[in-house]
file final-v8.tsv (TSV, C-alpha atoms)
chain	number	residue	atom	x	y	z
H	1	MET	CA	15.33	-21.28	1.18
H	2	ILE	CA	15.67	-18.85	-1.71
H	3	LEU	CA	12.43	-17.60	-3.24
H	4	VAL	CA	12.36	-16.40	-6.84
H	5	THR	CA	9.46	-14.44	-8.33
H	6	VAL	CA	8.78	-13.08	-11.81
H	7	GLY	CA	5.34	-11.58	-11.11
H	8	THR	CA	1.99	-11.82	-12.86
H	9	HIS	CA	3.01	-10.37	-16.24
H	10	ASN	CA	1.54	-12.19	-19.24
H	11	ILE	CA	5.07	-12.24	-20.67
H	12	GLY	CA	7.44	-14.73	-19.04
H	13	PHE	CA	10.94	-14.03	-17.71
H	14	ASP	CA	12.84	-17.10	-18.91
H	15	ARG	CA	16.23	-15.38	-18.68
H	16	LEU	CA	15.82	-15.19	-14.89
H	17	VAL	CA	14.12	-18.59	-14.44
H	18	ARG	CA	16.89	-20.39	-16.37
H	19	ALA	CA	19.74	-18.63	-14.53
H	20	VAL	CA	18.15	-19.27	-11.15
H	21	ASP	CA	17.57	-22.92	-11.97
H	22	GLU	CA	21.23	-23.27	-12.92
H	23	LEU	CA	22.11	-21.54	-9.65
H	24	ALA	CA	19.94	-24.07	-7.80
H	25	GLY	CA	22.09	-26.78	-9.41
H	26	LEU	CA	25.16	-25.27	-7.76
H	27	LEU	CA	23.64	-24.76	-4.29
H	28	GLU	CA	22.70	-27.12	-1.51
H	29	GLU	CA	19.89	-24.78	-0.51
H	30	LYS	CA	16.29	-25.21	-1.65
H	31	VAL	CA	15.16	-22.81	-4.39
H	32	ILE	CA	11.47	-22.18	-5.16
H	33	ILE	CA	10.51	-20.32	-8.33
H	34	GLN	CA	7.25	-18.51	-9.07
H	35	ARG	CA	7.52	-18.88	-12.82
H	36	GLY	CA	4.53	-16.87	-14.09
H	37	ALA	CA	4.16	-17.10	-17.86
H	38	SER	CA	7.75	-18.32	-18.36
H	39	THR	CA	8.11	-21.55	-20.35
H	40	TYR	CA	11.55	-22.79	-19.19
H	41	GLN	CA	11.16	-26.04	-17.20
H	42	PRO	CA	13.35	-25.88	-14.09
H	43	ARG	CA	15.40	-29.04	-13.47
H	44	TYR	CA	16.88	-28.31	-10.04
H	45	ALA	CA	14.47	-25.84	-8.43
H	46	GLU	CA	10.89	-26.37	-7.29
H	47	TYR	CA	8.45	-24.19	-9.18
H	48	PHE	CA	4.84	-23.11	-9.60
H	49	ASP	CA	3.26	-20.51	-11.90
H	50	PHE	CA	0.97	-18.27	-9.85
H	51	THR	CA	-0.46	-18.23	-6.33
H	52	SER	CA	-2.40	-16.13	-3.81
H	53	SER	CA	-0.96	-13.12	-1.96
H	54	GLN	CA	-1.16	-15.02	1.33
H	55	ARG	CA	0.91	-17.92	0.04
H	56	MET	CA	3.38	-15.51	-1.52
H	57	GLU	CA	3.73	-13.68	1.78
H	58	SER	CA	4.21	-16.88	3.77
H	59	LEU	CA	6.78	-18.14	1.27
H	60	THR	CA	8.55	-14.79	1.55
H	61	SER	CA	8.72	-15.01	5.31
H	62	GLU	CA	9.98	-18.61	5.10
H	63	SER	CA	12.73	-17.55	2.72
H	64	ARG	CA	16.05	-16.03	3.76
H	65	LEU	CA	16.59	-14.28	0.44
H	66	LEU	CA	14.49	-13.14	-2.48
H	67	ILE	CA	15.45	-13.01	-6.13
H	68	CYS	CA	12.84	-11.15	-8.14
H	69	GLN	CA	12.04	-9.01	-11.14
H	70	ALA	CA	12.41	-5.29	-10.42
H	71	GLY	CA	8.65	-4.76	-10.14
H	72	ALA	CA	6.78	-3.03	-7.36
H	73	GLY	CA	4.86	-6.07	-6.06
H	74	ALA	CA	7.58	-8.49	-5.00
H	75	ILE	CA	9.79	-5.66	-3.79
H	76	LEU	CA	7.03	-4.29	-1.54
H	77	VAL	CA	6.46	-7.76	-0.10
H	78	ALA	CA	10.21	-8.28	0.47
H	79	LEU	CA	10.70	-4.87	2.11
H	80	ARG	CA	7.70	-5.46	4.36
H	81	ALA	CA	9.05	-8.85	5.39
H	82	GLY	CA	12.56	-7.40	5.84
H	83	ARG	CA	14.22	-9.90	3.49
H	84	PRO	CA	17.39	-9.12	1.55
H	85	MET	CA	16.81	-9.20	-2.18
H	86	ILE	CA	18.46	-9.48	-5.53
H	87	VAL	CA	16.52	-7.73	-8.27
H	88	VAL	CA	16.79	-8.38	-11.98
H	89	PRO	CA	15.11	-5.81	-14.25
H	90	ARG	CA	13.07	-7.08	-17.18
H	91	LEU	CA	14.38	-5.53	-20.39
H	92	LYS	CA	12.58	-4.50	-23.55
H	93	ARG	CA	15.36	-5.76	-25.81
H	94	TYR	CA	14.73	-9.34	-24.68
H	95	GLY	CA	10.97	-8.93	-25.12
H	96	GLU	CA	10.44	-9.25	-21.35
H	97	SER	CA	8.61	-5.97	-20.96
H	98	ILE	CA	7.05	-3.29	-23.17
H	99	ASP	CA	9.60	-0.77	-21.90
H	100	ASP	CA	12.64	-0.53	-19.61
H	101	HIS	CA	10.88	1.03	-16.62
H	102	GLN	CA	12.12	-1.69	-14.23
H	103	LEU	CA	15.57	-0.12	-14.48
H	104	GLN	CA	14.24	2.90	-12.54
H	105	LEU	CA	13.28	1.11	-9.34
H	106	ALA	CA	16.37	-1.12	-9.62
H	107	ALA	CA	18.64	1.94	-9.78
H	108	VAL	CA	17.09	3.55	-6.70
H	109	LEU	CA	17.21	0.35	-4.65
H	110	ASP	CA	20.82	-0.13	-5.68
H	111	ALA	CA	21.77	3.46	-4.75
H	112	GLU	CA	20.05	3.12	-1.36
H	113	ARG	CA	21.73	-0.26	-0.84
H	114	ARG	CA	18.36	-1.88	-0.27
H	115	ALA	CA	18.91	-4.52	-2.95
H	116	ILE	CA	21.59	-6.06	-5.13
H	117	VAL	CA	20.88	-5.43	-8.80
H	118	VAL	CA	21.97	-7.96	-11.42
H	119	HIS	CA	21.66	-7.08	-15.10
H	120	ASP	CA	23.71	-9.80	-16.76
H	121	VAL	CA	21.91	-12.69	-15.10
H	122	THR	CA	23.69	-16.07	-15.05
H	123	ALA	CA	24.21	-18.74	-12.39
H	124	VAL	CA	27.68	-17.29	-11.76
H	125	THR	CA	26.62	-13.64	-11.36
H	126	LEU	CA	23.72	-14.73	-9.17
H	127	ARG	CA	25.93	-16.84	-6.91
H	128	GLU	CA	28.17	-13.85	-6.40
H	129	ALA	CA	25.13	-11.62	-5.77
H	130	VAL	CA	23.80	-14.05	-3.13
H	131	VAL	CA	27.02	-13.56	-1.15
H	132	ARG	CA	26.77	-9.77	-1.48
H	133	ALA	CA	23.06	-9.77	-0.57
H	134	GLU	CA	23.88	-11.42	2.74
H	135	GLN	CA	25.72	-8.23	3.70
H	136	LEU	CA	22.83	-5.94	2.79
H	137	MET	CA	21.40	-3.69	5.47
H	138	VAL	CA	17.79	-4.75	5.66
H	139	ARG	CA	15.80	-1.82	6.94
H	140	PRO	CA	12.07	-1.72	7.36
H	141	PRO	CA	10.41	1.15	5.46
H	142	LYS	CA	10.50	4.50	7.28
H	143	GLU	CA	7.09	6.12	7.23
H	144	GLY	CA	5.00	3.68	5.26
H	145	SER	CA	1.91	4.83	3.45
H	146	LEU	CA	0.54	7.13	6.20
H	147	GLN	CA	0.93	10.40	4.30
H	148	LEU	CA	-0.59	9.02	1.12
H	149	VAL	CA	-3.50	7.41	2.96
H	150	ASP	CA	-4.16	10.69	4.76
H	151	ALA	CA	-4.12	12.70	1.51
H	152	ILE	CA	-6.59	10.32	-0.15
H	153	ARG	CA	-8.88	10.40	2.89
H	154	LYS	CA	-8.90	14.21	2.91
H	155	GLN	CA	-9.76	14.32	-0.78
H	156	LEU	CA	-12.56	11.79	-0.40
H	157	ARG	CA	-13.99	13.67	2.57
H	158	ALA	CA	-13.97	16.92	0.57
H	159	TRP	CA	-15.85	15.25	-2.28
H	160	ASP	CA	-18.21	13.54	0.13
H	161	THR	CA	-19.44	16.84	1.60
H	162	HIS	CA	-20.25	18.18	-1.86
H	163	ARG	CA	-21.93	15.01	-3.01
H	164	PRO	CA	-25.61	15.36	-3.87
H	165	ARG	CA	-27.51	13.23	-1.39
H	166	VAL	CA	-30.47	11.25	-2.53
H	167	ALA	CA	-33.33	11.62	-0.06
H	168	PRO	CA	-34.38	8.27	1.42
H	169	LEU	CA	-37.57	6.91	-0.05
H	170	LEU	CA	-40.67	7.28	2.08
H	171	GLY	CA	-40.94	4.48	4.62
H	172	GLU	CA	-37.36	3.39	4.23
H	173	ASP	CA	-36.23	5.75	6.97
H	174	ILE	CA	-37.38	5.98	10.61
G	175	MET	CA	-27.65	-1.03	14.38
G	176	LYS	CA	-30.19	0.00	11.79
G	177	HIS	CA	-28.78	3.51	11.81
G	178	GLN	CA	-25.31	2.16	11.18
G	179	ALA	CA	-26.55	0.07	8.28
G	180	MET	CA	-28.24	3.10	6.76
G	181	HIS	CA	-25.15	5.21	7.18
G	182	LYS	CA	-23.23	2.49	5.43
G	183	ALA	CA	-25.74	2.37	2.58
G	184	ASN	CA	-25.33	6.10	2.11
G	185	ALA	CA	-21.53	6.07	2.35
G	186	MET	CA	-19.43	7.01	-0.64
G	187	LYS	CA	-18.86	4.24	-3.13
G	188	ILE	CA	-15.32	3.83	-4.38
G	189	GLY	CA	-14.26	1.68	-7.33
G	190	LEU	CA	-10.72	0.35	-6.95
G	191	VAL	CA	-9.35	-0.33	-10.42
G	192	CYS	CA	-5.99	-2.02	-10.97
G	193	SER	CA	-4.32	-4.89	-12.76
G	194	HIS	CA	-3.59	-8.05	-10.82
G	195	GLY	CA	0.14	-7.89	-9.98
G	196	GLY	CA	2.22	-5.18	-8.34
G	197	HIS	CA	-0.46	-2.57	-8.97
G	198	LEU	CA	-2.86	-4.62	-6.86
G	199	THR	CA	-0.23	-5.14	-4.14
G	200	GLU	CA	0.18	-1.35	-4.03
G	201	MET	CA	-3.59	-0.86	-3.82
G	202	LEU	CA	-3.80	-3.25	-0.86
G	203	GLN	CA	-1.14	-1.16	0.91
G	204	ILE	CA	-3.49	1.86	0.96
G	205	LEU	CA	-6.78	0.06	1.55
G	206	GLU	CA	-7.30	1.85	4.87
G	207	SER	CA	-7.82	5.08	2.89
G	208	PHE	CA	-11.30	3.80	2.08
G	209	GLN	CA	-12.44	2.88	5.58
G	210	GLY	CA	-16.11	3.76	6.03
G	211	CYS	CA	-16.67	3.80	2.27
G	212	ARG	CA	-18.40	1.19	0.18
G	213	VAL	CA	-15.77	-0.37	-2.05
G	214	PHE	CA	-15.61	-2.66	-5.08
G	215	PHE	CA	-12.70	-3.97	-7.14
G	216	ALA	CA	-12.34	-4.06	-10.91
G	217	THR	CA	-9.32	-6.12	-11.88
G	218	TYR	CA	-8.06	-9.04	-13.98
G	219	HIS	CA	-8.71	-12.73	-13.51
G	220	SER	CA	-5.88	-14.16	-11.41
G	221	ALA	CA	-4.90	-16.50	-8.60
G	222	ARG	CA	-5.68	-13.62	-6.25
G	223	GLU	CA	-9.35	-13.09	-7.11
G	224	ASP	CA	-10.73	-15.18	-4.21
G	225	GLU	CA	-8.90	-13.18	-1.56
G	226	LEU	CA	-10.21	-9.95	-3.10
G	227	ALA	CA	-13.75	-11.28	-3.23
G	228	ALA	CA	-13.44	-11.84	0.54
G	229	ILE	CA	-12.78	-8.09	0.98
G	230	ALA	CA	-15.32	-6.53	-1.38
G	231	PRO	CA	-17.47	-7.18	-4.46
G	232	ILE	CA	-15.28	-7.81	-7.47
G	233	HIS	CA	-15.58	-7.38	-11.24
G	234	LEU	CA	-13.17	-9.34	-13.40
G	235	THR	CA	-12.00	-9.27	-16.98
G	236	ASP	CA	-9.11	-10.74	-18.98
G	237	ASN	CA	-5.72	-9.07	-18.98
G	238	ILE	CA	-5.83	-6.28	-21.58
G	239	GLY	CA	-2.07	-5.80	-21.99
G	240	SER	CA	-1.26	-3.80	-25.09
G	241	ASN	CA	-3.89	-5.55	-27.21
G	242	TYR	CA	-6.19	-2.98	-28.88
G	243	TRP	CA	-9.05	-5.42	-29.46
G	244	ARG	CA	-9.09	-6.40	-25.77
G	245	MET	CA	-8.96	-2.70	-24.85
G	246	PHE	CA	-11.99	-2.10	-27.08
G	247	ARG	CA	-13.88	-4.95	-25.40
G	248	ALA	CA	-12.81	-3.69	-21.97
G	249	LEU	CA	-14.46	-0.36	-22.76
G	250	PHE	CA	-17.88	-2.05	-22.78
G	251	TRP	CA	-17.03	-4.09	-19.70
G	252	ALA	CA	-15.96	-0.93	-17.83
G	253	LEU	CA	-19.14	0.84	-18.93
G	254	TYR	CA	-21.18	-2.07	-17.57
G	255	VAL	CA	-19.29	-1.97	-14.26
G	256	LEU	CA	-19.73	1.80	-13.89
G	257	LEU	CA	-23.44	1.73	-14.76
G	258	THR	CA	-24.25	-1.16	-12.44
G	259	GLU	CA	-22.09	-0.01	-9.50
G	260	ARG	CA	-22.60	3.76	-9.91
G	261	PRO	CA	-19.48	4.69	-7.88
G	262	ASP	CA	-18.82	8.22	-6.61
G	263	VAL	CA	-15.07	7.90	-7.10
G	264	ILE	CA	-12.71	5.70	-9.12
G	265	VAL	CA	-9.22	5.17	-7.69
G	266	SER	CA	-6.52	3.47	-9.76
G	267	LEU	CA	-2.84	2.64	-9.46
G	268	GLY	CA	-2.67	1.40	-13.05
G	269	ALA	CA	-2.00	-0.30	-15.27
G	270	GLU	CA	-3.86	-0.03	-18.64
G	271	ILE	CA	-7.10	-1.26	-17.04
G	272	ALA	CA	-7.43	2.33	-15.73
G	273	ILE	CA	-7.74	3.80	-19.24
G	274	PRO	CA	-11.36	2.83	-20.07
G	275	PHE	CA	-12.50	3.66	-16.53
G	276	PHE	CA	-10.98	7.15	-16.52
G	277	TYR	CA	-12.36	8.16	-19.93
G	278	LEU	CA	-15.83	6.81	-19.15
G	279	SER	CA	-15.78	8.37	-15.66
G	280	LYS	CA	-15.19	11.77	-17.26
G	281	LEU	CA	-18.31	11.27	-19.39
G	282	LEU	CA	-20.34	9.98	-16.45
G	283	ARG	CA	-19.08	12.74	-14.11
G	284	ILE	CA	-17.51	10.28	-11.69
G	285	LYS	CA	-14.54	11.68	-9.73
G	286	THR	CA	-11.17	10.03	-10.34
G	287	ILE	CA	-7.87	9.65	-8.51
G	288	PHE	CA	-4.91	8.20	-10.38
G	289	ILE	CA	-1.78	7.21	-8.47
G	290	GLU	CA	1.24	6.44	-10.63
G	291	SER	CA	2.88	3.16	-9.62
G	292	TRP	CA	5.71	3.16	-7.10
G	293	CYS	CA	7.94	1.63	-9.77
G	294	ARG	CA	7.75	4.84	-11.85
G	295	ILE	CA	10.52	7.19	-10.75
G	296	ASP	CA	11.96	8.92	-13.82
G	297	ASP	CA	9.03	8.99	-16.22
G	298	LEU	CA	5.29	8.41	-16.35
G	299	SER	CA	3.82	5.16	-17.59
G	300	LYS	CA	1.92	5.19	-20.88
G	301	THR	CA	-1.26	4.74	-18.83
G	302	GLY	CA	-0.27	7.68	-16.63
G	303	ARG	CA	0.18	9.92	-19.67
G	304	LEU	CA	-3.13	8.79	-21.18
G	305	VAL	CA	-5.24	9.28	-18.05
G	306	TYR	CA	-3.52	12.49	-16.86
G	307	PRO	CA	-5.93	14.81	-18.74
G	308	MET	CA	-8.94	12.87	-17.41
G	309	ALA	CA	-7.96	12.50	-13.74
G	310	ASP	CA	-9.36	14.88	-11.12
G	311	VAL	CA	-6.44	14.06	-8.85
G	312	PHE	CA	-3.11	12.80	-10.17
G	313	LEU	CA	-0.53	11.59	-7.65
G	314	VAL	CA	3.03	10.35	-8.08
G	315	GLN	CA	5.05	8.39	-5.53
G	316	TRP	CA	8.45	9.97	-6.09
G	317	PRO	CA	9.04	13.74	-5.77
G	318	GLN	CA	11.47	13.80	-8.73
G	319	LEU	CA	8.71	12.57	-11.03
G	320	LEU	CA	6.75	15.82	-10.52
G	321	GLN	CA	9.12	17.53	-12.98
G	322	LYS	CA	7.92	15.18	-15.71
G	323	CYS	CA	4.22	15.86	-15.16
G	324	GLY	CA	1.89	18.78	-15.64
G	325	ALA	CA	0.90	21.24	-12.90
G	326	LYS	CA	-1.92	19.00	-11.69
G	327	ALA	CA	0.36	16.28	-10.33
G	328	ARG	CA	1.01	16.07	-6.60
G	329	TYR	CA	3.29	14.09	-4.30
G	330	TYR	CA	2.08	12.92	-0.88
G	331	GLY	CA	4.47	10.08	-0.18
G	332	ALA	CA	4.30	6.52	-1.39
G	333	VAL	CA	2.55	3.22	-0.66
G	334	ILE	CA	5.56	2.23	1.44
call {"tool": "encode", "arguments": {"input": "final-v8.tsv", "output": "structure tokens"}}
result
Amino acid sequence: MILVTVGTHNIGFDRLVRAVDELAGLLEEKVIIQRGASTYQPRYAEYFDFTSSQRMESLTSESRLLICQAGAGAILVALRAGRPMIVVPRLKRYGESIDDHQLQLAAVLDAERRAIVVHDVTAVTLREAVVRAEQLMVRPPKEGSLQLVDAIRKQLRAWDTHRPRVAPLLGEDI
Amino acid sequence: MKHQAMHKANAMKIGLVCSHGGHLTEMLQILESFQGCRVFFATYHSAREDELAAIAPIHLTDNIGSNYWRMFRALFWALYVLLTERPDVIVSLGAEIAIPFFYLSKLLRIKTIFIESWCRIDDLSKTGRLVYPMADVFLVQWPQLLQKCGAKARYYGAVI
């Protein structure tokens, strides 16, 4: 199964939904689209608009390949699940995003060969990308969030020691 | 048992502020940072609100986006959340929902940590630029982004 996600943005991503639906028409494989605020009605793929994190994670682990917008959420889920992915950045010029920041993460993932990036998204370019994605080296993340978690904890502890403590009210203690 | 409950009642209170998509997914990646603290969420209405409510108390509003009127309304909502919850620290990973919380927290002397989203590598988000002057701690998730920020910014790895 191929899972497609466009995220929770209040702007849809019809360019991707349409191309993926046309791709679904060419494939034997099941395609499921999380459509978000997109308005295009898929004809070949199954679709839904939004769902819980748990369902998204279980769909991700059931899938063999992910096609998603180049946003942090879906990419984190895909990397954690160790699924190959094709990412399509939302672009400002199509009114899909308020800026072109999705190009940044897409470029890094492409350079590290952790995802296939498709800019000109059509059924044909996607079908070709699916073949290339099958050859991707899927590596689990190296160190995870340990360093960041540790830094936040240290900062909170430092603030905690300097925090003015309110004395317990009489009778509440003991 | 009673002692533990009291310790808990006196533990630091952290407000986790983020919008409902990738920013929230990033926040959930670092949830263990707040172990032993009292925690609440402030986020947008979404299909994910029930699972958050199972973790901690939750305050919800409508997606602000780039709508100035909704931002204005969110200012009062954020003030209500801060005054009722009285957190010691606000932590946010964006997006624009952080803006009212960081400006009000400065006024209310609440400490703040802003973490720029993992998807920002070459430049700061608009939210990042707006809250930078207000944040007590400002973190980025890519070392190359430090060059685009002021001296306050730090890099201690990423959510993944």
call {"tool": "atom_distance", "arguments": {"input": "final-v8.tsv", "atom1": "atom CA of G:Phe214", "atom2": "atom CA of G:Lys187"}}
result
7.9 Å
call {"tool": "interface_residues", "arguments": {"input": "final-v8.tsv", "of": "chain H", "to": "chain G", "cutoff": "10 Å", "atoms": "all atoms listed in the file", "output": "number ranges by chain"}}
result
H: 7-11, 49-54, 70-77, 79-80, 98-99, 101-108, 140-157, 159-160, 163, 165-168, 172-174
call {"tool": "atom_distance", "arguments": {"input": "final-v8.tsv", "atom1": "atom CA of H:Ala123", "atom2": "atom CA of H:Glu62"}}
result
22.5 Å
call {"tool": "residues_around", "arguments": {"input": "final-v8.tsv", "residues": "G:Ile284", "least_positions_apart": "6", "cutoff": "9 Å", "atoms": "only C-alpha atoms", "output": "PyMOL selection string"}}
result
chain G and resi 260-264+276+278
call {"tool": "closest_residue", "arguments": {"input": "final-v8.tsv", "among": "G:Thr217, G:Thr286, G:Gln321, G:Ser279", "to": "G:Leu256", "atoms": "all atoms listed in the file"}}
result
G:Ser279
call {"tool": "build_atoms", "arguments": {"input": "final-v8.tsv", "residues": "stretch 200-211 of chain G", "atoms": "N, CA and C atoms", "output": "PDB file, in the coordinates of the input"}}
result
ATOM      1  N   GLU G 200       0.124  -2.753  -4.465  1.00  0.00           N
ATOM      2  CA  GLU G 200       0.180  -1.350  -4.030  1.00  0.00           C
ATOM      3  C   GLU G 200      -1.174  -0.892  -3.516  1.00  0.00           C
ATOM      4  N   MET G 201      -2.228  -1.261  -4.221  1.00  0.00           N
ATOM      5  CA  MET G 201      -3.590  -0.860  -3.820  1.00  0.00           C
ATOM      6  C   MET G 201      -3.908  -1.403  -2.420  1.00  0.00           C
ATOM      7  N   LEU G 202      -3.518  -2.653  -2.166  1.00  0.00           N
ATOM      8  CA  LEU G 202      -3.800  -3.250  -0.860  1.00  0.00           C
ATOM      9  C   LEU G 202      -3.039  -2.541   0.254  1.00  0.00           C
ATOM     10  N   GLN G 203      -1.918  -1.911  -0.087  1.00  0.00           N
ATOM     11  CA  GLN G 203      -1.140  -1.160   0.910  1.00  0.00           C
ATOM     12  C   GLN G 203      -1.898   0.080   1.410  1.00  0.00           C
ATOM     13  N   ILE G 204      -2.797   0.618   0.565  1.00  0.00           N
ATOM     14  CA  ILE G 204      -3.490   1.860   0.960  1.00  0.00           C
ATOM     15  C   ILE G 204      -4.986   1.646   1.171  1.00  0.00           C
ATOM     16  N   LEU G 205      -5.362   0.404   1.415  1.00  0.00           N
ATOM     17  CA  LEU G 205      -6.780   0.060   1.550  1.00  0.00           C
ATOM     18  C   LEU G 205      -7.454   0.826   2.685  1.00  0.00           C
ATOM     19  N   GLU G 206      -6.685   1.160   3.737  1.00  0.00           N
ATOM     20  CA  GLU G 206      -7.300   1.850   4.870  1.00  0.00           C
ATOM     21  C   GLU G 206      -7.762   3.271   4.507  1.00  0.00           C
ATOM     22  N   SER G 207      -7.330   3.775   3.351  1.00  0.00           N
ATOM     23  CA  SER G 207      -7.820   5.080   2.890  1.00  0.00           C
ATOM     24  C   SER G 207      -9.334   5.074   2.694  1.00  0.00           C
ATOM     25  N   PHE G 208      -9.891   3.897   2.481  1.00  0.00           N
ATOM     26  CA  PHE G 208     -11.300   3.800   2.080  1.00  0.00           C
ATOM     27  C   PHE G 208     -12.187   3.282   3.198  1.00  0.00           C
ATOM     28  N   GLN G 209     -11.667   3.313   4.422  1.00  0.00           N
ATOM     29  CA  GLN G 209     -12.440   2.880   5.580  1.00  0.00           C
ATOM     30  C   GLN G 209     -13.717   3.698   5.694  1.00  0.00           C
ATOM     31  N   GLY G 210     -14.840   3.044   5.912  1.00  0.00           N
ATOM     32  CA  GLY G 210     -16.110   3.760   6.030  1.00  0.00           C
ATOM     33  C   GLY G 210     -16.780   3.971   4.695  1.00  0.00           C
ATOM     34  N   CYS G 211     -16.068   3.680   3.606  1.00  0.00           N
ATOM     35  CA  CYS G 211     -16.670   3.800   2.270  1.00  0.00           C
ATOM     36  C   CYS G 211     -17.146   2.427   1.818  1.00  0.00           C
TER      37      CYS G 211
END
